[in-house]
$ cat data22.cif   # mmCIF, C-alpha atoms
data_run
loop_
_atom_site.label_atom_id
_atom_site.label_comp_id
_atom_site.auth_asym_id
_atom_site.auth_seq_id
_atom_site.Cartn_x
_atom_site.Cartn_y
_atom_site.Cartn_z
CA MET D 298 143.47 73.57 118.11
CA ASP D 299 143.45 71.17 115.16
CA GLN D 300 144.82 72.98 112.10
CA ARG D 301 143.75 70.46 109.46
CA ARG D 302 142.19 71.91 106.33
CA PRO D 303 138.37 71.80 106.19
CA SER D 304 138.49 69.49 103.15
CA SER D 305 140.47 66.88 105.13
CA VAL D 306 138.05 66.77 108.05
CA THR D 307 135.13 64.37 107.82
CA ILE D 308 131.92 63.99 109.75
CA ARG D 309 133.43 60.84 111.30
CA ASP D 310 136.26 62.95 112.74
CA VAL D 311 133.71 65.27 114.34
CA ALA D 312 131.68 62.38 115.73
CA GLN D 313 134.74 60.64 117.17
CA LYS D 314 136.09 63.75 118.92
CA ALA D 315 132.64 64.76 120.21
CA GLY D 316 132.02 61.23 121.50
CA VAL D 317 128.78 60.75 119.57
CA SER D 318 127.65 58.76 116.56
CA VAL D 319 127.90 59.97 112.96
CA ALA D 320 124.10 59.88 112.84
CA THR D 321 123.91 62.30 115.78
CA VAL D 322 126.28 64.75 114.09
CA SER D 323 124.23 64.45 110.90
CA ARG D 324 121.02 65.17 112.81
CA TYR D 325 122.61 68.25 114.39
CA ILE D 326 123.89 69.59 111.05
CA ASN D 327 120.68 68.96 109.12
CA ARG D 328 118.34 69.88 111.99
CA SER D 329 116.30 66.82 111.03
CA VAL D 330 115.82 65.55 114.59
CA PRO D 331 116.44 67.61 117.76
CA VAL D 332 119.46 66.75 119.89
CA SER D 333 120.01 67.78 123.48
CA ALA D 334 121.49 71.21 124.20
CA GLU D 335 124.56 69.63 125.79
CA VAL D 336 125.25 67.40 122.77
CA ALA D 337 124.57 70.24 120.33
CA GLU D 338 127.04 72.50 122.15
CA ARG D 339 129.68 69.76 122.17
CA ILE D 340 129.30 69.05 118.47
CA HIS D 341 129.36 72.76 117.63
CA LYS D 342 132.55 73.25 119.64
CA VAL D 343 134.28 70.31 117.94
CA MET D 344 133.23 71.54 114.48
CA GLU D 345 134.84 74.90 115.26
CA GLU D 346 137.99 73.28 116.65
CA LEU D 347 138.40 71.07 113.58
CA ASN D 348 137.34 73.85 111.23
CA TYR D 349 134.73 71.47 109.81
CA VAL D 350 132.39 72.84 107.13
CA PRO D 351 129.55 70.54 105.99
CA HIS D 352 129.55 69.93 102.25
CA ALA D 353 126.52 71.68 100.75
CA ALA D 354 125.89 69.00 98.12
CA ALA D 355 126.08 66.21 100.69
CA ARG D 356 123.72 68.09 102.97
CA GLN D 357 121.27 68.52 100.11
CA LEU D 358 121.35 64.79 99.39
CA ALA D 359 120.83 63.96 103.05
CA THR D 360 117.92 66.32 103.58
CA GLN D 361 116.49 66.25 100.07
CA LYS D 362 116.39 70.05 100.26
CA ALA D 363 118.41 72.69 98.44
CA HIS D 364 117.43 75.47 100.87
CA ALA D 365 116.82 77.71 97.87
CA ILE D 366 113.80 79.21 96.11
CA GLY D 367 113.97 79.99 92.41
CA VAL D 368 112.52 82.88 90.43
CA LEU D 369 112.27 82.47 86.66
CA LEU D 370 111.80 85.71 84.72
CA THR D 371 111.68 86.69 81.06
CA ASP D 372 113.89 89.74 81.57
CA MET D 373 116.23 91.09 84.23
CA PHE D 374 116.84 94.53 82.75
CA SER D 375 113.52 96.36 82.81
CA ASP D 376 112.64 98.67 85.70
CA PHE D 377 109.73 96.41 86.62
CA PHE D 378 111.69 93.45 88.00
CA PRO D 379 114.17 94.80 90.61
CA PRO D 380 111.44 95.81 93.12
CA LEU D 381 109.68 92.49 92.54
CA ILE D 382 112.87 90.50 93.15
CA GLY D 383 113.74 92.66 96.16
CA GLY D 384 110.38 91.94 97.80
CA ILE D 385 110.67 88.21 97.15
CA GLU D 386 114.24 88.13 98.43
CA SER D 387 113.35 89.78 101.73
CA ILE D 388 110.79 87.08 102.53
CA VAL D 389 112.95 84.21 101.25
CA GLN D 390 115.90 85.26 103.42
CA GLN D 391 113.61 85.79 106.39
CA GLU D 392 112.59 82.14 106.08
CA GLY D 393 116.20 80.96 105.92
CA TYR D 394 116.40 80.23 102.20
CA ASN D 395 118.65 81.44 99.39
CA LEU D 396 117.23 83.02 96.24
CA LEU D 397 118.13 81.85 92.73
CA VAL D 398 117.16 84.12 89.83
CA ALA D 399 117.36 83.29 86.12
CA SER D 400 115.83 84.52 82.88
CA ARG D 401 114.33 82.44 80.09
CA HIS D 402 111.71 82.73 77.37
CA ALA D 403 109.34 79.85 76.77
CA ARG D 404 109.63 80.49 73.02
CA ASP D 405 113.42 80.01 73.07
CA GLU D 406 114.43 76.71 71.50
CA VAL D 407 118.20 77.16 71.48
CA ASP D 408 118.56 75.77 74.99
CA ALA D 409 115.69 73.66 76.27
CA GLN D 410 117.26 73.26 79.70
CA ILE D 411 115.35 75.04 82.45
CA PRO D 412 118.01 76.76 84.62
CA ILE D 413 116.02 76.45 87.85
CA GLY D 414 114.12 73.38 89.01
CA PRO D 415 114.16 70.35 91.31
CA HIS D 416 117.89 69.93 90.72
CA ASN D 417 118.82 73.14 92.55
CA SER D 418 115.79 74.55 94.38
CA ASP D 419 112.91 73.57 96.65
CA GLY D 420 110.28 75.51 94.72
CA MET D 421 109.96 78.12 92.00
CA ILE D 422 108.14 81.36 91.25
CA VAL D 423 107.39 81.45 87.52
CA PHE D 424 106.81 84.75 85.70
CA ALA D 425 104.50 84.75 82.69
CA GLY D 426 106.27 83.84 79.45
CA SER D 427 109.24 82.03 81.01
CA LEU D 428 107.71 78.52 80.78
CA ASP D 429 105.02 77.17 78.50
CA ASP D 430 102.05 75.13 79.70
CA SER D 431 103.68 71.76 79.01
CA GLU D 432 106.79 72.66 81.02
CA ILE D 433 104.71 73.96 83.92
CA LEU D 434 102.53 70.86 83.93
CA LYS D 435 105.55 68.56 83.85
CA LEU D 436 107.03 70.21 86.96
CA HIS D 437 103.66 70.30 88.71
CA GLN D 438 102.94 66.63 88.01
CA ALA D 439 106.37 65.76 89.42
CA GLY D 440 105.30 67.37 92.71
CA PHE D 441 107.61 70.40 92.40
CA PRO D 442 106.08 73.45 94.21
CA LEU D 443 105.25 76.35 91.87
CA VAL D 444 103.67 79.79 92.13
CA LEU D 445 102.77 81.59 88.91
CA ILE D 446 102.97 85.37 88.47
CA TYR D 447 100.89 87.31 85.93
CA ARG D 448 99.42 84.19 84.41
CA ALA D 449 96.70 81.74 85.32
CA SER D 450 97.29 78.08 86.06
CA PRO D 451 97.02 75.68 83.10
CA GLU D 452 93.59 74.11 82.96
CA GLY D 453 93.12 71.33 85.51
CA ALA D 454 96.39 71.99 87.36
CA ASN D 455 95.15 74.41 90.05
CA ILE D 456 98.61 75.92 90.64
CA PRO D 457 98.65 79.01 92.93
CA SER D 458 98.98 82.24 90.97
CA VAL D 459 99.32 85.96 91.60
CA THR D 460 97.76 88.19 88.95
CA ILE D 461 96.48 91.71 88.48
CA GLY D 462 92.77 92.29 87.97
CA ASN D 463 93.21 94.20 84.72
CA LYS D 464 89.53 94.07 83.78
CA ARG D 465 88.34 95.48 87.10
CA ALA D 466 91.08 98.13 87.10
CA THR D 467 90.11 99.22 83.59
CA ARG D 468 86.45 99.33 84.57
CA ASN D 469 87.30 101.53 87.56
CA LEU D 470 89.31 103.91 85.37
CA ILE D 471 86.47 104.22 82.90
CA ASP D 472 83.92 104.75 85.66
CA HIS D 473 86.15 107.46 87.10
CA LEU D 474 86.31 109.26 83.74
CA ILE D 475 82.55 109.07 83.33
CA GLU D 476 81.41 109.84 86.88
CA ILE D 477 84.03 112.34 88.02
CA HIS D 478 85.16 113.99 84.79
CA HIS D 479 81.90 113.50 82.85
CA ARG D 480 83.64 112.13 79.78
CA SER D 481 81.42 110.57 77.16
CA ARG D 482 83.92 109.59 74.48
CA ILE D 483 86.61 107.22 75.83
CA VAL D 484 89.23 105.43 73.76
CA LEU D 485 91.27 102.51 75.06
CA TYR D 486 94.58 102.14 73.28
CA VAL D 487 96.93 99.15 73.54
CA ALA D 488 99.82 98.23 71.30
CA PRO D 489 99.49 95.08 69.19
CA PRO D 490 101.11 91.91 70.64
CA ALA D 491 104.09 92.24 68.30
CA LYS D 492 105.02 95.52 69.94
CA LYS D 493 105.21 94.35 73.51
CA THR D 494 107.80 96.10 75.59
CA ARG D 495 110.18 94.28 77.93
CA SER D 496 107.99 95.05 80.90
CA GLY D 497 104.67 94.29 79.23
CA VAL D 498 102.23 95.75 76.74
CA ARG D 499 102.46 99.49 76.45
CA GLY D 500 99.03 101.09 76.57
CA ALA D 501 97.07 104.18 77.50
CA ILE D 502 93.55 105.43 77.99
CA LYS D 503 92.57 108.64 76.24
CA SER D 504 89.36 110.51 76.83
CA ARG D 505 87.53 113.57 75.65
#
$ encode --input "data22.cif" --output "structure tokens"
Amino acid sequence: MDQRRPSSVTIRDVAQKAGVSVATVSRYINRSVPVSAEVAERIHKVMEELNYVPHAAARQLATQKAHAIGVLLTDMFSDFFPPLIGGIESIVQQEGYNLLVASRHARDEVDAQIPIGPHNSDGMIVFAGSLDDSEILKLHQAGFPLVLIYRASPEGANIPSVTIGNKRATRNLIDHLIEIHHRSRIVLYVAPPAKKTRSGVRGAIKSR
């Protein structure tokens, strides 16, 4: 068995020993075009013998894919986010992608760099408050896939979004208090915007 270090082995070495072209090895590694089972098995065996590991950055350049999905949040420490990230991660891994998670506030001006984007992911899930409209529109207009959570798409962009029907839920709660508990005096209390908690606006419904 060849004991050369992985860093010293090139795709040309693999192609030469497997008796195929560099393009064929590249197609096998990137799964861009199917190769025959016999050729695939031969290339795989040679890669193991030479201890060849494809360079991730080179593979990304060749396929124009990062094989990663990003999630941009405003906070990683509240109790709200771990279940959300866990659910996203289970689907992302099921589809053969890695998950990148970062936090950022759209209002932050110290560092304008967006940590997740076309440079390191194939698409991004954007939580409300992490990007402003101009940043979202810039990514969308560049053709970068986005899904928005807890916020609507900027006007005219028609970006897919996942939101909660707060108005309908509130209406159902009020109807329940009136119809089931026969309440006639209902007070809706929400904290002012300046007192938002990390996981959202703290609020409550009180009735008598």
$ residues_around --input "data22.cif" --residues "region 428-437 of chain D" --least-positions-apart "5" --cutoff "10 Å" --atoms "all atoms listed in the file" --output "PyMOL selection string"
chain D and resi 369-371+401-405+411+414-415+420-421+423+442-443+445+450-456
$ closest_residue --input "data22.cif" --among "D:Ala439, D:Phe377, D:Ile366, D:Ile422" --to "Asn395 (chain D)" --atoms "all atoms listed in the file"
D:Ile366
$ closest_residue --input "data22.cif" --among "D:Asn463, D:Ser427, D:His473, D:Arg480" --to "Met373 (chain D)" --atoms "all atoms listed in the file"
D:Ser427
$ closest_residue --input "data22.cif" --among "D:Ile385, D:Val306, D:Val444, D:Leu485" --to "Glu345 (chain D)" --atoms "all atoms listed in the file"
D:Val306
$ closest_residue --input "data22.cif" --among "D:Val389, D:Ala320, D:Leu470, D:Val368" --to "Ile413 (chain D)" --atoms "all atoms listed in the file"
D:Val368
$ atom_distance --input "data22.cif" --atom1 "CA of Pro331 (chain D)" --atom2 "CA of Leu397 (chain D)"
28.8 Å
$ atom_distance --input "data22.cif" --atom1 "CA of Val459 (chain D)" --atom2 "CA of Ile446 (chain D)"
4.8 Å
$ resolve_selection --input "data22.cif" --expression "the PyMOL selection byres ((chain D and resi 314) around 10)" --output "NGL selection string"
:D and (309-313 or 315-317 or 339-340 or 343-344 or 346-347)
$ atom_distance --input "data22.cif" --atom1 "CA of Gly440 (chain D)" --atom2 "CA of Ile388 (chain D)"
22.7 Å
$ closest_residue --input "data22.cif" --among "D:Pro351, D:His478, D:Asp472, D:Lys342" --to "Ile326 (chain D)" --atoms "all atoms listed in the file"
D:Pro351
